[in-house]
Protein chains: 2
Amino acid sequence: MRIATVETAQGPELAVATADGSAVLMSKLWPGGPQDMLAAMQVEDEITRRLAANGNAGAVRAEELRFLPPIPRPGKIVCLALNNSANSTRILKGPSHPAMFNKPSSSLLGHGRPIRLRKDYGRVHPEPELVVVIGKGGADIAAADAYDHVFGYTIMNDLTSPTMRGDDTFHYRAIHPSKDDPQQIEYLDTWVSYPGRYKGTDGFGPIGPWIATRADIPDPHALTVTCTHRGRVVTEDTTNNLTYKVPDVIAYVSYYMTLEQGDIISMGTALKAAGGSGQAVQTVDLTTLGGPIDVTISGIGTLSNPVEHR
Amino acid sequence: MRIATVETAQGPELAVATADGSAVLMSKLWPGGPQDMLAAMQVEDEITRRLAANGNAGAVRAEELRFLPPIPRPGKIVCLALNNSANSTRILKGPSHPAMFNKPSSSLLGHGRPIRLRKDYGRVHPEPELVVVIGKGGADIAAADAYDHVFGYTIMNDLTSPTMRGDDTFHYRAIHPSKDDPQQIEYLDTWVSYPGRYKGTDGFGPIGPWIATRADIPDPHALTVTCTHRGRVVTEDTTNNLTYKVPDVIAYVSYYMTLEQGDIISMGTALKAAGGSGQAVQTVDLTTLGGPIDVTISGIGTLSNPVEHR
């Protein structure tokens, strides 16, 4: 099943994709049914049953829907950094585990909505990513049990401003306890960068349009990921190139951060350039080039956003 | 007024501090009154009026309350980095504006609750911080209007693992567009660090106990901040030493991230060592030394947490 959150005159509502690619609103499919995505997670089987019985009755063209982020206000958004095997030759020194940061929910943007950029954001490039949607929370989740905690998968364009990243990087003398006397301190020449702006600015989290539930995606590491700018393919990759895979990532994240229903984990950028031409997402500066920018993942759909100047 | 969220047998409830330092539950003070902090923000004047009329009737000792984070699940938690004038001599290169990161709401912990650390977190040290609680959301808020958006102030202990910070720092060759031909790429030797674990692990956000509303705190930059470990003063500082002040920070953050009611902004560490003795928060490794660890801010209260091993 593929399910979305859409805006209607009556407020946010769920919509479910039909077999022919149209969509039916939950209020048509199941009057009195679930009002939001977290409620839908509890009754997935019944929605599937009703959808099969309903066919295309009352369906509308998906293009007519006004998509919102599938989960408008997740408890947290965990994003993985540098999690693509194509990165490995670029890493001179780094951890042998997933590295993470958090994006705020205010950065999320629905499919079709304009990414509103200011000139002074500097360069802003796309990062096409597979997103895991948590259906059942937990801490210390074993990798072997991880898929039991997954409701489904969606798409994020993890917009990034390398200009802001450079600006918000400090070269400084960090205070550490002295090795000789831990009550005293010593200084260590260090670099540290803060992703608040460069990953968390308004509109830097286009997401959706659909969540494809786990039943639709038997293997989240057998999906193709394509990023297209103004109709031209920028990158094509497969989720098999992600260094750390979904079960290990859920185990790792939940060892540190308790996962809650509706939390989302963005798995890191699928960034192999198309055709070995040297094209890279970093060359697509949306601030100067504009949009639309699309990310397509097989079995989930296409996330497309225009770009406006703010 | 000072107001908190506490746990009762009937679920979370608000509590208000009385003049003598006791507390009265909202259900006693105002039967049918606001159920949570966001609702209380709408009726602050009426709570103040009822509190004045009530006196200490029905009050309980504050020590008997089981505090929760004042806002259990903020839309976002924005934290400032290296925002203390005492840092300036340590910064070799850095931005001339506030630097930010986000903590997840799952990291928050109420006053009095144990910080549960694992040995393999490595070193974990306290960072005593003043927190701004947003009462009225907005984007592009002018500094001159910023205080109109503040509901009040609370305390955060922005726990930090420098061990994880070191582990999650990459030295890598970042891809940038070539200066000669922006369709081609070049590599730039770069350092980047990701704060997901070292700032966002469960329990790394002790917060509270009280929100002191704006009427109680005429100047948030005239407050003393004291950090005490096992009863011994570690650091004493004043919020006047924060480099970027509340109005400018609200203006800056809201230029990038739309602020929502209930969002919180942690202003950065007040870290001047006590008595020039060279004691620094970085020498207080809670993983090996245990707790309790306290942060006191004048006019707001004392946030105290024991430490347990997980």
# chains A, B, ... in the order shown; residues from 1 in each chain; ligands from 1

$ select_by_dssp --residues "region 104-170 of chain B" --states "strand (DSSP E or B)" --output "list of chain:residue names"
B:Leu108, B:Leu109, B:Gly110, B:Ile115, B:Arg116, B:Leu117, B:His125, B:Pro128, B:Glu129, B:Leu130, B:Val131, B:Val132, B:Val133, B:Ile134, B:Gly138, B:Val150, B:Phe151, B:Gly152, B:Tyr153, B:Thr154, B:Ile155, B:Met156, B:Asn157, B:Thr160, B:Thr169, B:Phe170

$ write_last_selection --atoms "N, CA and C atoms" --output "compact mmCIF listing (two decimals), in the first residue's frame"
# COMPACT_ATOMS: atom_id res chain seq x y z
N LEU B 108 15.37 14.72 25.86
CA LEU B 108 14.99 15.53 27.03
C LEU B 108 14.73 14.66 28.26
N LEU B 109 15.00 15.22 29.42
CA LEU B 109 14.89 14.50 30.69
C LEU B 109 14.42 15.51 31.73
N GLY B 110 13.47 15.11 32.57
CA GLY B 110 12.96 16.01 33.60
C GLY B 110 13.94 16.17 34.75
N ILE B 115 20.15 10.55 34.77
CA ILE B 115 20.87 10.51 33.49
C ILE B 115 21.47 9.10 33.42
N ARG B 116 21.06 8.32 32.45
CA ARG B 116 21.50 6.92 32.39
C ARG B 116 22.58 6.78 31.32
N LEU B 117 23.80 6.61 31.77
CA LEU B 117 24.95 6.58 30.85
C LEU B 117 25.48 5.16 30.69
N HIS B 125 30.24 15.34 29.60
CA HIS B 125 30.35 16.47 30.53
C HIS B 125 29.12 17.38 30.47
N PRO B 128 25.99 24.00 31.27
CA PRO B 128 24.87 24.75 31.86
C PRO B 128 24.39 25.86 30.92
N GLU B 129 23.09 25.88 30.62
CA GLU B 129 22.59 26.82 29.61
C GLU B 129 21.23 27.42 29.96
N LEU B 130 21.07 28.67 29.59
CA LEU B 130 19.78 29.36 29.65
C LEU B 130 18.97 28.98 28.40
N VAL B 131 17.69 28.68 28.60
CA VAL B 131 16.83 28.28 27.49
C VAL B 131 15.71 29.30 27.31
N VAL B 132 15.47 29.68 26.08
CA VAL B 132 14.35 30.55 25.72
C VAL B 132 13.19 29.67 25.24
N VAL B 133 11.99 29.89 25.79
CA VAL B 133 10.80 29.14 25.38
C VAL B 133 9.94 30.06 24.51
N ILE B 134 9.69 29.63 23.29
CA ILE B 134 8.95 30.45 22.33
C ILE B 134 7.44 30.38 22.63
N GLY B 138 6.90 32.39 14.48
CA GLY B 138 7.09 33.37 13.42
C GLY B 138 8.36 33.11 12.63
N VAL B 150 8.66 35.55 23.19
CA VAL B 150 9.18 34.73 24.28
C VAL B 150 8.08 34.49 25.33
N PHE B 151 7.84 33.22 25.65
CA PHE B 151 6.93 32.92 26.77
C PHE B 151 7.69 32.98 28.08
N GLY B 152 8.91 32.44 28.08
CA GLY B 152 9.68 32.45 29.32
C GLY B 152 11.02 31.79 29.14
N TYR B 153 11.62 31.42 30.27
CA TYR B 153 13.00 30.90 30.29
C TYR B 153 13.07 29.68 31.19
N THR B 154 13.88 28.72 30.79
CA THR B 154 14.15 27.59 31.65
C THR B 154 15.64 27.25 31.59
N ILE B 155 16.00 26.09 32.10
CA ILE B 155 17.41 25.69 32.24
C ILE B 155 17.63 24.39 31.48
N MET B 156 18.72 24.29 30.75
CA MET B 156 19.11 23.00 30.17
C MET B 156 20.53 22.68 30.55
N ASN B 157 20.74 21.40 30.79
CA ASN B 157 22.10 20.88 30.93
C ASN B 157 22.39 20.15 29.62
N THR B 160 27.15 16.61 26.74
CA THR B 160 27.98 16.49 25.56
C THR B 160 29.00 15.39 25.77
N THR B 169 33.72 12.73 13.77
CA THR B 169 34.33 13.79 12.95
C THR B 169 35.04 13.14 11.77
N PHE B 170 34.73 13.63 10.59
CA PHE B 170 35.35 13.12 9.37
C PHE B 170 36.41 14.09 8.87

$ closest_atom_pairs --of "chain B" --to "chain A" --cutoff "7 Å" --atoms "only C-alpha atoms" --output "Markdown table"
| residue | atom | partner | partner_atom | distance |
| --- | --- | --- | --- | --- |
| B:Gly75 | CA | A:Ser105 | CA | 6.8 |
| B:Lys76 | CA | A:Pro104 | CA | 5.6 |
| B:Arg90 | CA | A:Arg173 | CA | 5.1 |
| B:Ile91 | CA | A:Tyr172 | CA | 4.3 |
| B:Leu92 | CA | A:Tyr172 | CA | 5.1 |
| B:Lys93 | CA | A:His171 | CA | 5.0 |
| B:Gly94 | CA | A:Phe170 | CA | 4.5 |
| B:Pro95 | CA | A:Asp167 | CA | 5.6 |
| B:Ala99 | CA | A:Asp168 | CA | 5.9 |
| B:Met100 | CA | A:Gly196 | CA | 4.6 |
| B:Phe101 | CA | A:Gly196 | CA | 4.0 |
| B:Asn102 | CA | A:Asn102 | CA | 5.9 |
| B:Lys103 | CA | A:Asn102 | CA | 6.7 |
| B:Pro104 | CA | A:Lys76 | CA | 5.6 |
| B:Ser105 | CA | A:Gly75 | CA | 6.8 |
| B:Ser106 | CA | A:Thr258 | CA | 6.5 |
| B:Asp167 | CA | A:Pro95 | CA | 5.6 |
| B:Asp168 | CA | A:Pro95 | CA | 5.8 |
| B:Thr169 | CA | A:Gly94 | CA | 6.2 |
| B:Phe170 | CA | A:Gly94 | CA | 4.5 |
| B:His171 | CA | A:Lys93 | CA | 5.0 |
| B:Tyr172 | CA | A:Ile91 | CA | 4.3 |
| B:Arg173 | CA | A:Arg90 | CA | 5.0 |
| B:Ile175 | CA | A:Gln282 | CA | 6.5 |
| B:His176 | CA | A:Gln282 | CA | 6.0 |
| B:Pro177 | CA | A:Thr283 | CA | 5.2 |
| B:Pro182 | CA | A:Thr283 | CA | 6.3 |
| B:Gln183 | CA | A:Thr283 | CA | 5.9 |
| B:Gln184 | CA | A:Gly278 | CA | 6.5 |
| B:Trp191 | CA | A:Trp191 | CA | 6.2 |
| B:Val192 | CA | A:Ser193 | CA | 5.5 |
| B:Ser193 | CA | A:Ser193 | CA | 5.4 |
| B:Tyr194 | CA | A:Phe101 | CA | 5.6 |
| B:Pro195 | CA | A:Phe101 | CA | 5.6 |
| B:Gly196 | CA | A:Phe101 | CA | 4.0 |
| B:Arg197 | CA | A:Met100 | CA | 6.7 |
| B:Thr201 | CA | A:Tyr256 | CA | 5.0 |
| B:Asp202 | CA | A:Met257 | CA | 5.2 |
| B:Tyr256 | CA | A:Thr201 | CA | 5.0 |
| B:Met257 | CA | A:Asp202 | CA | 5.1 |
| B:Thr258 | CA | A:Ser106 | CA | 6.5 |
| B:Gly278 | CA | A:Gln184 | CA | 6.4 |
| B:Gln279 | CA | A:Gln184 | CA | 6.8 |
| B:Gln282 | CA | A:His176 | CA | 6.0 |
| B:Thr283 | CA | A:Pro177 | CA | 5.1 |

$ write_last_selection --atoms "N, CA and C atoms" --output "tab-separated table (two decimals), in the first residue's frame"
chain	number	residue	atom	x	y	z
B	75	GLY	N	8.45	21.17	19.19
B	75	GLY	CA	8.59	20.99	17.74
B	75	GLY	C	10.04	20.94	17.33
B	76	LYS	N	10.84	21.80	17.92
B	76	LYS	CA	12.29	21.70	17.71
B	76	LYS	C	13.04	22.29	18.89
B	90	ARG	N	39.71	31.05	22.10
B	90	ARG	CA	39.98	29.68	21.66
B	90	ARG	C	39.62	29.45	20.20
B	91	ILE	N	38.88	30.40	19.61
B	91	ILE	CA	38.42	30.22	18.24
B	91	ILE	C	39.44	30.80	17.26
B	92	LEU	N	40.06	29.92	16.50
B	92	LEU	CA	41.06	30.35	15.52
B	92	LEU	C	40.37	30.85	14.26
B	93	LYS	N	39.26	30.15	13.91
B	93	LYS	CA	38.48	30.56	12.75
B	93	LYS	C	37.04	30.11	13.01
B	94	GLY	N	36.09	31.01	12.78
B	94	GLY	CA	34.70	30.64	13.02
B	94	GLY	C	33.79	31.72	12.49
B	95	PRO	N	32.49	31.44	12.46
B	95	PRO	CA	31.55	32.40	11.87
B	95	PRO	C	31.36	33.63	12.76
B	99	ALA	N	26.12	29.87	15.63
B	99	ALA	CA	26.13	28.55	15.00
B	99	ALA	C	25.16	27.66	15.76
B	100	MET	N	24.46	26.80	15.03
B	100	MET	CA	23.33	26.08	15.62
B	100	MET	C	23.36	24.60	15.29
B	101	PHE	N	22.76	23.82	16.18
B	101	PHE	CA	22.44	22.42	15.88
B	101	PHE	C	21.12	22.10	16.54
B	102	ASN	N	20.55	20.94	16.19
B	102	ASN	CA	19.27	20.53	16.76
B	102	ASN	C	19.45	19.28	17.61
B	103	LYS	N	18.79	19.28	18.75
B	103	LYS	CA	18.70	18.07	19.58
B	103	LYS	C	17.32	17.48	19.36
B	104	PRO	N	17.17	16.15	19.41
B	104	PRO	CA	15.83	15.56	19.30
B	104	PRO	C	15.10	15.63	20.65
B	105	SER	N	13.76	15.67	20.61
B	105	SER	CA	12.98	15.75	21.85
B	105	SER	C	13.17	14.49	22.69
B	106	SER	N	13.55	13.37	22.06
B	106	SER	CA	13.75	12.14	22.83
B	106	SER	C	14.95	12.24	23.77
B	167	ASP	N	34.85	10.81	17.62
B	167	ASP	CA	34.59	9.64	16.77
B	167	ASP	C	33.79	10.01	15.52
B	168	ASP	N	32.89	10.98	15.65
B	168	ASP	CA	31.97	11.30	14.56
B	168	ASP	C	32.43	12.50	13.76
B	169	THR	N	33.72	12.73	13.77
B	169	THR	CA	34.33	13.79	12.95
B	169	THR	C	35.04	13.14	11.77
B	170	PHE	N	34.73	13.63	10.59
B	170	PHE	CA	35.35	13.12	9.37
B	170	PHE	C	36.41	14.09	8.87
B	171	HIS	N	37.51	13.55	8.45
B	171	HIS	CA	38.45	14.29	7.64
B	171	HIS	C	38.28	13.71	6.25
B	172	TYR	N	37.82	14.52	5.31
B	172	TYR	CA	37.47	13.95	4.01
B	172	TYR	C	37.65	14.96	2.89
B	173	ARG	N	37.57	14.45	1.71
B	173	ARG	CA	37.70	15.28	0.51
B	173	ARG	C	36.30	15.63	0.03
B	175	ILE	N	33.34	17.24	-2.16
B	175	ILE	CA	33.17	17.56	-3.58
B	175	ILE	C	32.62	18.98	-3.72
B	176	HIS	N	33.28	19.78	-4.51
B	176	HIS	CA	32.80	21.13	-4.82
B	176	HIS	C	32.81	21.30	-6.33
B	177	PRO	N	31.98	22.22	-6.85
B	177	PRO	CA	32.08	22.52	-8.28
B	177	PRO	C	33.45	23.13	-8.55
B	182	PRO	N	32.07	25.01	-13.50
B	182	PRO	CA	31.17	24.57	-12.42
B	182	PRO	C	30.41	23.29	-12.75
B	183	GLN	N	30.50	22.80	-14.00
B	183	GLN	CA	29.91	21.49	-14.31
B	183	GLN	C	30.84	20.36	-13.87
B	184	GLN	N	32.11	20.69	-13.71
B	184	GLN	CA	33.09	19.70	-13.25
B	184	GLN	C	33.30	19.88	-11.75
B	191	TRP	N	37.08	19.13	7.14
B	191	TRP	CA	36.67	18.44	8.36
B	191	TRP	C	35.19	18.70	8.56
B	192	VAL	N	34.46	17.66	8.95
B	192	VAL	CA	33.04	17.85	9.25
B	192	VAL	C	32.69	16.93	10.42
B	193	SER	N	31.85	17.44	11.33
B	193	SER	CA	31.47	16.63	12.50
B	193	SER	C	29.96	16.61	12.61
B	194	TYR	N	29.43	15.51	13.11
B	194	TYR	CA	27.98	15.33	13.18
B	194	TYR	C	27.53	15.14	14.63
B	195	PRO	N	26.64	16.02	15.13
B	195	PRO	CA	26.30	16.01	16.55
B	195	PRO	C	25.18	15.06	16.96
B	196	GLY	N	24.67	14.21	16.03
B	196	GLY	CA	23.54	13.35	16.37
B	196	GLY	C	23.74	12.61	17.69
B	197	ARG	N	24.84	11.88	17.80
B	197	ARG	CA	25.07	11.09	19.02
B	197	ARG	C	25.57	11.97	20.16
B	201	THR	N	21.89	11.92	22.29
B	201	THR	CA	21.61	10.62	22.92
B	201	THR	C	20.58	10.77	24.05
B	202	ASP	N	19.82	9.70	24.28
B	202	ASP	CA	18.82	9.70	25.35
B	202	ASP	C	19.40	10.25	26.65
B	256	TYR	N	16.16	31.67	9.31
B	256	TYR	CA	16.40	30.38	8.66
B	256	TYR	C	15.31	29.36	8.95
B	257	MET	N	14.90	29.28	10.22
B	257	MET	CA	13.93	28.26	10.65
B	257	MET	C	12.71	28.96	11.23
B	258	THR	N	11.54	28.69	10.67
B	258	THR	CA	10.32	29.23	11.25
B	258	THR	C	10.17	28.72	12.67
B	278	GLY	N	40.92	27.06	37.03
B	278	GLY	CA	41.21	26.16	35.93
B	278	GLY	C	40.23	25.01	35.83
B	279	GLN	N	39.28	24.96	36.76
B	279	GLN	CA	38.24	23.93	36.66
B	279	GLN	C	37.37	24.27	35.46
B	282	GLN	N	34.61	20.55	31.13
B	282	GLN	CA	35.18	19.40	30.40
B	282	GLN	C	35.90	18.41	31.32
B	283	THR	N	36.26	18.84	32.52
B	283	THR	CA	36.94	17.91	33.44
B	283	THR	C	35.95	17.08	34.26

$ residues_around --residues "Thr243 (chain A)" --least-positions-apart "5" --cutoff "7 Å" --atoms "only C-alpha atoms" --output "PyMOL selection string"
chain A and resi 83-85

$ select_by_dssp --residues "region 203-298 of chain A" --states "helix (DSSP H, G or I)" --output "list in words"
Arg214, Ala215, Asp216, Thr239, Asn240, Asn241, Val246, Pro247, Asp248, Val249, Ile250, Ala251, Tyr252, Val253, Ser254, Tyr255, Tyr256, Ala274, Gly275, Gly276, Val281, Gln282, Thr283, Leu286, Thr287, Thr288 and Leu289 of chain A

$ write_last_selection --atoms "N, CA and C atoms" --output "compact mmCIF listing (two decimals), in the first residue's frame"
# COMPACT_ATOMS: atom_id res chain seq x y z
N ARG A 214 5.78 -1.54 4.20
CA ARG A 214 6.81 -2.59 4.15
C ARG A 214 6.38 -3.74 3.24
N ALA A 215 5.08 -4.04 3.20
CA ALA A 215 4.60 -5.14 2.35
C ALA A 215 4.92 -4.88 0.88
N ASP A 216 5.02 -3.61 0.49
CA ASP A 216 5.32 -3.25 -0.90
C ASP A 216 6.82 -3.31 -1.22
N THR A 239 20.08 1.57 -3.77
CA THR A 239 20.19 1.56 -2.30
C THR A 239 21.10 0.44 -1.81
N ASN A 240 21.51 -0.44 -2.72
CA ASN A 240 22.49 -1.46 -2.32
C ASN A 240 23.86 -0.84 -2.05
N ASN A 241 24.09 0.38 -2.56
CA ASN A 241 25.37 1.06 -2.33
C ASN A 241 25.45 1.75 -0.98
N VAL A 246 19.54 -0.92 6.46
CA VAL A 246 18.43 -0.57 7.35
C VAL A 246 18.47 -1.32 8.69
N PRO A 247 18.62 -2.64 8.73
CA PRO A 247 18.59 -3.30 10.06
C PRO A 247 19.70 -2.81 10.99
N ASP A 248 20.90 -2.68 10.46
CA ASP A 248 22.02 -2.22 11.30
C ASP A 248 21.84 -0.76 11.72
N VAL A 249 21.28 0.03 10.84
CA VAL A 249 21.07 1.45 11.18
C VAL A 249 20.02 1.58 12.29
N ILE A 250 18.92 0.85 12.20
CA ILE A 250 17.89 0.92 13.25
C ILE A 250 18.49 0.45 14.58
N ALA A 251 19.28 -0.62 14.54
CA ALA A 251 19.92 -1.11 15.77
C ALA A 251 20.85 -0.04 16.34
N TYR A 252 21.64 0.55 15.46
CA TYR A 252 22.62 1.54 15.91
C TYR A 252 21.94 2.80 16.47
N VAL A 253 21.01 3.37 15.72
CA VAL A 253 20.33 4.59 16.17
C VAL A 253 19.63 4.33 17.50
N SER A 254 18.93 3.21 17.62
CA SER A 254 18.10 2.96 18.81
C SER A 254 18.95 2.60 20.03
N TYR A 255 20.22 2.33 19.83
CA TYR A 255 21.14 2.14 20.96
C TYR A 255 21.38 3.47 21.67
N TYR A 256 21.31 4.56 20.90
CA TYR A 256 21.56 5.89 21.45
C TYR A 256 20.27 6.69 21.67
N ALA A 274 25.54 9.83 -12.84
CA ALA A 274 25.00 9.13 -14.01
C ALA A 274 26.10 8.93 -15.06
N GLY A 275 26.22 7.71 -15.55
CA GLY A 275 27.08 7.44 -16.70
C GLY A 275 28.55 7.80 -16.52
N GLY A 276 28.97 7.95 -15.29
CA GLY A 276 30.40 8.24 -15.05
C GLY A 276 30.84 9.55 -15.66
N VAL A 281 25.83 15.71 -7.52
CA VAL A 281 24.78 16.55 -6.96
C VAL A 281 25.34 17.92 -6.55
N GLN A 282 26.62 17.93 -6.16
CA GLN A 282 27.22 19.18 -5.69
C GLN A 282 27.30 20.26 -6.77
N THR A 283 27.21 19.85 -8.04
CA THR A 283 27.27 20.86 -9.12
C THR A 283 25.89 21.46 -9.42
N LEU A 286 20.88 24.88 -6.70
CA LEU A 286 19.49 25.27 -6.91
C LEU A 286 19.29 26.77 -6.73
N THR A 287 20.15 27.41 -5.96
CA THR A 287 19.99 28.86 -5.73
C THR A 287 20.19 29.63 -7.03
N THR A 288 21.17 29.22 -7.82
CA THR A 288 21.38 29.95 -9.07
C THR A 288 20.63 29.30 -10.24
N LEU A 289 20.47 27.96 -10.23
CA LEU A 289 19.90 27.27 -11.39
C LEU A 289 18.39 27.12 -11.30
